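Source file: final.csv (CSV, C-alpha atoms)
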```csv
chain,number,residue,atom,x,y,z
A,1,MET,CA,-0.1,14.5,0.8
A,2,SER,CA,-2.1,17.4,-0.4
A,3,TYR,CA,-5.8,17.4,-1.2
A,4,SER,CA,-7.8,20.2,-2.9
A,5,GLY,CA,-11.3,18.9,-2.6
A,6,ASN,CA,-14.0,20.8,-0.6
A,7,THR,CA,-15.9,18.1,1.2
A,8,PRO,CA,-15.5,14.5,2.4
A,9,ASP,CA,-17.9,13.5,-0.5
A,10,ASP,CA,-15.1,14.7,-2.9
A,11,LEU,CA,-13.0,11.8,-1.6
A,12,ARG,CA,-15.3,9.0,-2.7
A,13,GLY,CA,-13.3,6.7,-5.0
A,14,ALA,CA,-10.1,8.6,-4.4
A,15,LEU,CA,-6.9,7.4,-2.9
A,16,ILE,CA,-6.7,7.8,0.8
A,17,CYS,CA,-3.2,7.9,2.2
A,18,VAL,CA,-2.1,7.8,5.8
A,19,ASN,CA,1.6,7.8,6.9
A,20,THR,CA,1.8,6.2,10.3
A,21,ASP,CA,4.4,6.7,13.0
A,22,PRO,CA,7.0,4.0,12.6
A,23,SER,CA,6.9,3.4,16.4
A,24,ASP,CA,3.2,2.4,16.0
A,25,PRO,CA,2.8,0.7,12.6
A,26,PRO,CA,-0.3,-1.4,11.8
A,27,SER,CA,0.3,-5.0,12.6
A,28,GLY,CA,-0.5,-7.9,10.4
A,29,THR,CA,-3.6,-7.2,8.3
A,30,GLU,CA,-5.0,-4.6,10.7
A,31,VAL,CA,-6.9,-1.9,8.8
A,32,ARG,CA,-7.8,1.2,10.7
A,33,ALA,CA,-10.9,3.3,10.1
A,34,LEU,CA,-10.0,6.5,8.3
A,35,GLY,CA,-11.9,9.8,8.8
A,36,ASP,CA,-11.9,13.4,7.9
A,37,SER,CA,-10.8,16.3,10.1
A,38,ASP,CA,-14.3,16.5,11.6
A,39,GLY,CA,-14.2,12.8,12.7
A,40,ARG,CA,-16.6,11.5,10.0
A,41,GLN,CA,-15.6,8.1,8.8
A,42,ILE,CA,-14.7,7.8,5.2
A,43,VAL,CA,-13.6,4.2,5.1
A,44,ASP,CA,-14.8,1.9,7.8
A,45,ASN,CA,-14.7,-1.7,6.5
A,46,LEU,CA,-12.8,-3.1,3.5
A,47,ASN,CA,-14.2,-6.6,3.8
A,48,PRO,CA,-10.8,-8.0,2.6
A,49,LYS,CA,-10.9,-11.3,0.8
A,50,THR,CA,-7.2,-12.3,1.0
A,51,PRO,CA,-4.3,-10.7,2.9
A,52,VAL,CA,-0.7,-11.6,2.1
A,53,GLN,CA,2.6,-10.5,3.7
A,54,LEU,CA,5.9,-10.3,1.9
A,55,THR,CA,9.5,-9.4,2.9
A,56,ALA,CA,11.0,-9.8,-0.6
A,57,ASP,CA,10.0,-9.7,-4.2
A,58,GLY,CA,6.9,-11.8,-4.7
A,59,GLN,CA,3.7,-12.5,-6.4
A,60,VAL,CA,0.7,-11.1,-4.6
A,61,LYS,CA,-1.8,-12.5,-7.1
A,62,ALA,CA,-0.9,-14.5,-10.2
A,63,SER,CA,-4.0,-13.4,-12.2
A,64,ALA,CA,-6.2,-10.3,-12.6
A,65,GLY,CA,-7.5,-8.9,-9.4
A,66,THR,CA,-8.5,-6.0,-7.2
A,67,LEU,CA,-6.2,-4.4,-4.7
A,68,PHE,CA,-8.1,-2.8,-1.7
A,69,GLY,CA,-5.1,-1.6,0.2
A,70,PHE,CA,-1.5,-2.1,1.3
A,71,VAL,CA,1.0,-1.2,4.0
A,72,ILE,CA,4.7,-0.8,3.2
A,73,SER,CA,7.1,-0.6,6.2
A,74,PHE,CA,10.8,0.2,5.9
A,75,SER,CA,13.0,-0.8,8.9
A,76,GLY,CA,16.7,0.0,8.8
A,77,ALA,CA,16.4,0.8,5.1
A,78,THR,CA,18.7,2.8,3.0
A,79,ILE,CA,17.2,6.1,1.8
A,80,GLY,CA,16.1,5.5,-1.8
A,81,ASP,CA,15.1,1.8,-1.3
A,82,LYS,CA,11.8,1.3,-3.0
A,83,VAL,CA,8.8,-0.9,-3.6
A,84,GLU,CA,7.2,-0.9,-7.0
A,85,ILE,CA,3.7,-2.4,-7.2
A,86,ARG,CA,3.3,-3.8,-10.7
A,87,ASP,CA,0.4,-4.9,-12.8
A,88,ALA,CA,2.5,-7.9,-13.8
A,89,LEU,CA,3.4,-11.5,-13.1
A,90,GLY,CA,7.1,-10.9,-12.3
A,91,ALA,CA,9.8,-8.4,-11.4
A,92,GLY,CA,10.6,-5.8,-14.0
A,93,ALA,CA,7.6,-6.8,-16.1
A,94,GLY,CA,4.3,-5.2,-16.8
A,95,THR,CA,3.2,-1.7,-15.7
A,96,VAL,CA,4.4,0.1,-12.5
A,97,ILE,CA,1.2,1.3,-10.8
A,98,PHE,CA,2.8,2.6,-7.5
A,99,THR,CA,6.3,3.4,-6.4
A,100,ILE,CA,7.0,3.9,-2.7
A,101,VAL,CA,10.5,5.2,-1.9
A,102,ALA,CA,12.1,5.3,1.5
A,103,ALA,CA,12.9,8.9,2.6
A,104,THR,CA,14.1,7.7,6.0
A,105,ALA,CA,15.5,4.5,7.4
A,106,ASP,CA,12.3,3.7,9.3
A,107,GLU,CA,8.8,4.6,8.0
A,108,THR,CA,5.5,3.1,7.2
A,109,HIS,CA,3.0,4.0,4.4
A,110,SER,CA,-0.6,2.8,4.3
A,111,PHE,CA,-2.9,3.2,1.3
A,112,VAL,CA,-6.6,2.2,1.2
A,113,PHE,CA,-8.8,2.3,-1.9
A,114,GLU,CA,-12.5,2.7,-1.2
A,115,LYS,CA,-13.6,0.8,-4.3
A,116,GLY,CA,-10.4,-1.1,-5.1
A,117,MET,CA,-7.8,-0.8,-7.9
A,118,ILE,CA,-8.2,-3.2,-10.8
A,119,PHE,CA,-5.0,-5.1,-11.9
A,120,ALA,CA,-5.6,-6.7,-15.4
A,121,THR,CA,-2.6,-9.1,-15.3
A,122,GLY,CA,-1.6,-9.8,-11.7
A,123,ILE,CA,-0.3,-8.0,-8.6
A,124,TYR,CA,3.5,-8.1,-8.0
A,125,ASN,CA,5.6,-6.7,-5.2
A,126,ASP,CA,9.0,-5.6,-6.7
A,127,GLU,CA,11.5,-4.5,-4.1
A,128,THR,CA,14.8,-2.7,-4.7
A,129,LYS,CA,17.2,-2.5,-1.7
A,130,ALA,CA,20.7,-0.9,-1.7
A,131,GLY,CA,21.8,-2.5,1.6
A,132,GLY,CA,20.5,-4.1,4.7
A,133,GLY,CA,17.2,-3.4,6.4
A,134,THR,CA,13.8,-4.9,5.9
A,135,ILE,CA,10.9,-4.0,3.8
A,136,ASN,CA,7.6,-5.5,5.0
A,137,ALA,CA,4.6,-5.4,2.6
A,138,THR,CA,1.0,-6.4,3.4
A,139,TYR,CA,-1.5,-6.4,0.7
A,140,ILE,CA,-5.3,-6.9,0.8
A,141,TYR,CA,-6.8,-8.1,-2.4
A,142,GLU,CA,-9.3,-10.3,-4.1
```

Output the file's structure in the form of C-alpha cells.
Amino acid sequence: MSYSGNTPDDLRGALICVNTDPSDPPSGTEVRALGDSDGRQIVDNLNPKTPVQLTADGQVKASAGTLFGFVISFSGATIGDKVEIRDALGAGAGTVIFTIVAATADETHSFVFEKGMIFATGIYNDETKAGGGTINATYIYE
C-alpha cells in the first residue's frame, strides 16, 4: 500500500491497511492498535458493536449499517480466489465496495476504518474459490 500524505493527521478518516504475517494472524475479533512510523497511535479503539465470522458466502448485516473493519484470511487458497464485500443483501447483487484477491495460498489482510464505512442496503460477504482451501472473514459492524 502506498500513502502520499505528509503527517498522521492526513490519515484521519482514511483507510488504514495492515497486511499481517500469515503465521501470526489476528484471532477472533482481535483488533490491534495501529500507529505511524513514529509510534503514535492512529486507531486505538473501535468500540465494535457486533462481530461476525464467516467461512463461506453470507450476510453480515441484512439492513443498512456501518462497517468498522474486517480481517480476511486465505489458507491453502488458489491464487486468484477472492472475497467481494458488497453493499447488498445477496451474492452477485448490489455494489461491490471492496475486492480482496489472494496473491498467495496463505495470507491475511486487515482493514480498519476510523469512522466506519456506510452501507446503505446491507453488508454481504461474497466468496469465489477455484479449489480447496479456506477463506475466513471477520467483520466488525453496527

* So what do you get for atom CA of A:Arg86 versus atom CA of A:Asp126, distance-wise? ->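 Taking atom CA of A:Arg86 and atom CA of A:Asp126, their separation equals 7.2 Å.
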
* **Using only C-alpha atoms: which of A:Thr121, A:Thr104, A:Thr128, A:Thr78 has the shortest distance to A:Thr66** =>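 Selected residue with least distance to A:Thr66: A:Thr121.
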
* Structure fact -> Here atom CA of A:Val52 and atom CA of A:Phe98 stand apart by 17.5 Å

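Coordinates place atom CA of A:Gly80 at a distance of 8.1 Å from atom CA of A:Lys129.
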
* Asked: Quick one: of A:Gly69, A:Glu84, A:Ile97, A:Gly133, who's nearest to A:Asp57, counting all atoms listed in the file?
  ->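 Ranking A:Gly69, A:Glu84, A:Ile97, A:Gly133 by distance to A:Asp57, first place goes to A:Glu84.
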
* To do: Could you tell me which of A:Ala105, A:Val83, A:Ala130, A:Tyr139 comes closest to A:Val71 if we count only C-alpha atoms?
  =>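 The shortest atom-to-atom distance to A:Val71 comes from A:Tyr139.
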
* When distances are computed from only C-alpha atoms, which of A:Gln59, A:Glu107, A:Gly116, A:Ile123 shows the smallest separation from A:Lys82? ->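 Answer, going by the shortest atom-to-atom distance: A:Glu107.
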
* Asked: Do you know which residues are at most 12 Å from A:Val60 counting all atoms listed in the file, after dropping those on the same chain fewer than 4 positions away, and could you put them as a PyMOL selection string?
  -> chain A and resi 50-56+64-67+70+85-91+119+121-126+137-142
